[in-house]
Amino acid sequence: MKKLVSIVIPAYNEADNIFVISESIKKVFSTIDYNYEIILVDDGSADHTLEKIKEYSSISENIFFLEFSKNFGHQLAVKAGMDHAYGDCVISMDCDMQHPPELIPEMLKKWEEGFEVVYTIREEDRNLSKGKRSSSNLFYKILNWLSDIDLEPGAADFRLLDQKVVNVFRNFQENEPFLRGLVKWLGFKQFAIKYNPAARFSGKSKYTLKKMFRLALHGVTSFSIKPLYSAVYLGFILSLASVLYIPYVIYAFVNNVEVSGWASMIMTIVFFGGLQLIILGIIGIYVGKMFMQTKNRPNYIIRSTNIPVK
């Protein structure tokens, strides 16, 4: 009996890409001896993405969809797809064709060799702007420096997970999951494949600099409390520096030397005031994450689906 491969694809305003990615996957599986299903997750799209998905699924028996009630974000869309995927292995990939379907046979080969996680590393795309490449590299440097995981630069959400790994994922109830970090944290037998990203078929990248920065914050605060320790160390360092300033104050008082520098004093006050707000913000992020998690709300809401009840 052929093994079933579930392919999870999150889609947010990807109406022009639905048919192309689905047909590309169909073409790949026509050359290998596996059954497959595609689970498209509409993440509250504002265009005709859902209509395109329903139209395509109506004429294809192995195309399924999940419709979110609103936009819950890329990571939760992938998580929702995995929660409803029961193939022997599950592959997650983006809808924009930058994750080449032609890589799937190689991923399946490594899976058959015994690797339970086969993830991909994106080679640096010289066609991207220097700012985009720099922000991406900075993202991984900050994440690895401040967290307790070690992600390779270019690690992508294009990965294969054995069903036993997916079963573990289903038990995670984090309201802001950072899947790349979770995959690394899980362990299991892993293998990395490098690839050259293709050009987007249609649309624009959803990962702006702001979203990359926010994702980095989620990654750091999900896997480490190093920022809290850093705040403590910084407090000790600044306190020590202020103690070293005391001899100068005593000297000025004894010798009746005027201590000038109103502007520098104001600048110092503003600096330390800003520093305190940053530290409070770090603490606030951790407290906020605990607050949201303790509400125990569902991480996503499915408005409609054509997936049969298991």
# chains A, B, ... in the order shown; residues from 1 in each chain; ligands from 1

$ residues_around --residues "stretch 105-118 of chain A" --least-positions-apart "5" --cutoff "6 Å" --atoms "only C-alpha atoms" --output "ChimeraX atom specification"
/A:159-162,189-192

$ write_last_selection --atoms "N, CA and C atoms" --output "short mmCIF file (atom, residue, chain, number, x, y, z; two decimals), in the first residue's frame"
data_model
loop_
_atom_site.label_atom_id
_atom_site.label_comp_id
_atom_site.auth_asym_id
_atom_site.auth_seq_id
_atom_site.Cartn_x
_atom_site.Cartn_y
_atom_site.Cartn_z
N ARG A 159 9.47 22.03 5.38
CA ARG A 159 10.03 20.89 6.11
C ARG A 159 9.12 19.67 6.02
N LEU A 160 9.71 18.54 6.28
CA LEU A 160 8.96 17.28 6.37
C LEU A 160 9.06 16.77 7.80
N LEU A 161 7.91 16.36 8.35
CA LEU A 161 7.86 15.80 9.69
C LEU A 161 7.20 14.43 9.63
N ASP A 162 7.81 13.46 10.27
CA ASP A 162 7.18 12.16 10.40
C ASP A 162 5.92 12.30 11.26
N LYS A 189 15.54 12.60 14.91
CA LYS A 189 16.63 12.47 13.95
C LYS A 189 16.38 13.44 12.80
N GLN A 190 17.26 14.43 12.66
CA GLN A 190 17.02 15.52 11.72
C GLN A 190 18.08 15.57 10.62
N PHE A 191 17.65 16.08 9.47
CA PHE A 191 18.56 16.25 8.34
C PHE A 191 18.20 17.55 7.61
N ALA A 192 19.21 18.31 7.21
CA ALA A 192 19.00 19.59 6.54
C ALA A 192 19.34 19.48 5.05
#

$ closest_atom_pairs --of "stretch 37-124 of chain A" --to "stretch 12-32 of chain A" --cutoff "6 Å" --atoms "only C-alpha atoms" --output "JSON lines"
{"residue": "A:Asp43", "atom": "CA", "partner": "A:Tyr12", "partner_atom": "CA", "distance": 5.2}
{"residue": "A:Ser45", "atom": "CA", "partner": "A:Tyr12", "partner_atom": "CA", "distance": 4.9}
{"residue": "A:Asp47", "atom": "CA", "partner": "A:Asn13", "partner_atom": "CA", "distance": 5.5}
{"residue": "A:His48", "atom": "CA", "partner": "A:Ala15", "partner_atom": "CA", "distance": 5.5}
{"residue": "A:Thr49", "atom": "CA", "partner": "A:Ala15", "partner_atom": "CA", "distance": 4.0}
{"residue": "A:Pro101", "atom": "CA", "partner": "A:Ile25", "partner_atom": "CA", "distance": 5.8}

$ residues_around --residues "A:Ala11" --least-positions-apart "6" --cutoff "10 Å" --atoms "only C-alpha atoms" --output "VMD selection string"
chain A and resid 17 to 18 40 to 45 49 to 50 53 67 73 to 74 77 to 78 94 to 96

$ write_last_selection --atoms "all heavy atoms" --output "short mmCIF file (atom, residue, chain, number, x, y, z; two decimals), in the first residue's frame"
data_model
loop_
_atom_site.label_atom_id
_atom_site.label_comp_id
_atom_site.auth_asym_id
_atom_site.auth_seq_id
_atom_site.Cartn_x
_atom_site.Cartn_y
_atom_site.Cartn_z
N ASN A 17 -1.91 32.11 -6.81
CA ASN A 17 -0.91 31.05 -6.65
C ASN A 17 -1.50 29.67 -6.38
O ASN A 17 -0.79 28.67 -6.48
CB ASN A 17 0.04 31.41 -5.50
CG ASN A 17 0.90 32.62 -5.81
OD1 ASN A 17 1.30 32.83 -6.95
ND2 ASN A 17 1.18 33.42 -4.80
N ILE A 18 -2.77 29.61 -6.03
CA ILE A 18 -3.38 28.35 -5.62
C ILE A 18 -3.27 27.27 -6.69
O ILE A 18 -2.79 26.15 -6.44
CB ILE A 18 -4.87 28.56 -5.24
CG1 ILE A 18 -5.00 29.53 -4.06
CG2 ILE A 18 -5.52 27.22 -4.91
CD1 ILE A 18 -4.31 29.08 -2.81
N LEU A 40 -4.93 23.13 2.22
CA LEU A 40 -4.74 24.57 2.08
C LEU A 40 -5.45 25.29 3.22
O LEU A 40 -6.65 25.06 3.46
CB LEU A 40 -5.29 25.05 0.73
CG LEU A 40 -4.50 24.56 -0.50
CD1 LEU A 40 -5.39 24.47 -1.71
CD2 LEU A 40 -3.33 25.48 -0.77
N VAL A 41 -4.73 26.13 3.93
CA VAL A 41 -5.29 26.84 5.08
C VAL A 41 -5.45 28.31 4.72
O VAL A 41 -4.45 29.04 4.57
CB VAL A 41 -4.39 26.70 6.32
CG1 VAL A 41 -5.06 27.36 7.53
CG2 VAL A 41 -4.09 25.23 6.60
N ASP A 42 -6.69 28.75 4.55
CA ASP A 42 -6.95 30.16 4.24
C ASP A 42 -6.91 30.96 5.53
O ASP A 42 -7.78 30.83 6.40
CB ASP A 42 -8.32 30.32 3.57
CG ASP A 42 -8.63 31.78 3.29
OD1 ASP A 42 -7.85 32.42 2.57
OD2 ASP A 42 -9.64 32.29 3.83
N ASP A 43 -5.91 31.82 5.64
CA ASP A 43 -5.65 32.57 6.87
C ASP A 43 -6.36 33.93 6.84
O ASP A 43 -5.74 34.97 6.99
CB ASP A 43 -4.14 32.74 7.06
CG ASP A 43 -3.77 33.33 8.40
OD1 ASP A 43 -4.58 33.26 9.34
OD2 ASP A 43 -2.66 33.88 8.51
N GLY A 44 -7.68 33.90 6.66
CA GLY A 44 -8.45 35.14 6.66
C GLY A 44 -8.12 36.06 5.51
O GLY A 44 -8.04 37.28 5.69
N SER A 45 -7.95 35.50 4.31
CA SER A 45 -7.59 36.30 3.14
C SER A 45 -8.65 37.34 2.81
O SER A 45 -9.85 37.12 3.00
CB SER A 45 -7.37 35.39 1.92
OG SER A 45 -6.32 34.48 2.15
N THR A 49 -8.85 34.26 -2.48
CA THR A 49 -8.11 33.02 -2.21
C THR A 49 -9.04 31.87 -1.85
O THR A 49 -8.93 30.76 -2.40
CB THR A 49 -7.10 33.25 -1.06
OG1 THR A 49 -6.13 34.20 -1.47
CG2 THR A 49 -6.39 31.95 -0.70
N LEU A 50 -9.98 32.10 -0.94
CA LEU A 50 -10.87 31.03 -0.50
C LEU A 50 -11.72 30.51 -1.65
O LEU A 50 -11.91 29.29 -1.79
CB LEU A 50 -11.76 31.52 0.65
CG LEU A 50 -12.70 30.47 1.23
CD1 LEU A 50 -11.91 29.30 1.83
CD2 LEU A 50 -13.61 31.09 2.28
N ILE A 53 -9.63 28.29 -3.75
CA ILE A 53 -9.38 27.01 -3.09
C ILE A 53 -10.60 26.09 -3.20
O ILE A 53 -10.48 24.91 -3.54
CB ILE A 53 -9.00 27.23 -1.61
CG1 ILE A 53 -7.64 27.93 -1.49
CG2 ILE A 53 -8.99 25.91 -0.85
CD1 ILE A 53 -7.28 28.32 -0.07
N GLU A 67 -10.73 26.98 6.53
CA GLU A 67 -10.96 28.42 6.47
C GLU A 67 -10.97 28.99 7.88
O GLU A 67 -11.79 28.61 8.71
CB GLU A 67 -12.29 28.73 5.79
CG GLU A 67 -12.60 30.22 5.75
CD GLU A 67 -14.07 30.54 5.46
OE1 GLU A 67 -14.86 29.59 5.30
OE2 GLU A 67 -14.42 31.74 5.43
N GLY A 73 -2.44 34.39 11.50
CA GLY A 73 -1.01 34.40 11.29
C GLY A 73 -0.47 33.12 10.68
O GLY A 73 -1.06 32.04 10.79
N HIS A 74 0.67 33.26 10.01
CA HIS A 74 1.29 32.17 9.25
C HIS A 74 1.59 30.95 10.12
O HIS A 74 1.30 29.80 9.74
CB HIS A 74 2.58 32.69 8.61
CG HIS A 74 3.35 31.66 7.85
ND1 HIS A 74 4.28 30.83 8.46
CD2 HIS A 74 3.33 31.31 6.54
CE1 HIS A 74 4.80 30.02 7.56
NE2 HIS A 74 4.25 30.29 6.39
N ALA A 77 -1.43 29.06 11.09
CA ALA A 77 -2.02 28.42 9.91
C ALA A 77 -1.31 27.10 9.62
O ALA A 77 -1.95 26.09 9.31
CB ALA A 77 -1.93 29.35 8.70
N VAL A 78 0.02 27.10 9.74
CA VAL A 78 0.78 25.85 9.56
C VAL A 78 0.40 24.85 10.65
O VAL A 78 0.19 23.67 10.39
CB VAL A 78 2.30 26.13 9.58
CG1 VAL A 78 3.08 24.81 9.49
CG2 VAL A 78 2.69 27.04 8.42
N ASP A 94 5.27 27.05 1.66
CA ASP A 94 4.55 28.28 1.35
C ASP A 94 3.84 28.16 0.01
O ASP A 94 4.15 27.29 -0.81
CB ASP A 94 5.51 29.47 1.34
CG ASP A 94 5.97 29.85 2.74
OD1 ASP A 94 5.36 29.35 3.71
OD2 ASP A 94 6.93 30.62 2.87
N CYS A 95 2.92 29.08 -0.21
CA CYS A 95 2.05 29.03 -1.38
C CYS A 95 2.63 29.77 -2.59
O CYS A 95 2.10 29.67 -3.70
CB CYS A 95 0.69 29.62 -1.01
SG CYS A 95 -0.64 29.28 -2.16
N ASP A 96 3.71 30.52 -2.39
CA ASP A 96 4.16 31.45 -3.42
C ASP A 96 5.17 30.87 -4.41
O ASP A 96 5.74 31.60 -5.22
CB ASP A 96 4.77 32.69 -2.77
CG ASP A 96 5.90 32.35 -1.80
OD1 ASP A 96 6.38 31.19 -1.83
OD2 ASP A 96 6.32 33.22 -1.02
#

$ atom_distance --atom1 "atom CA of A:Phe64" --atom2 "atom CA of A:Val90"
14.1 Å

$ atom_distance --atom1 "atom CA of A:Ala85" --atom2 "atom CA of A:Val166"
8.4 Å

$ atom_distance --atom1 "atom CA of A:Asn175" --atom2 "atom CA of A:Lys79"
10.6 Å

$ closest_residue --among "A:Gln276, A:Thr305, A:Gln163, A:Asn171" --to "A:Tyr86" --atoms "only C-alpha atoms"
A:Gln163
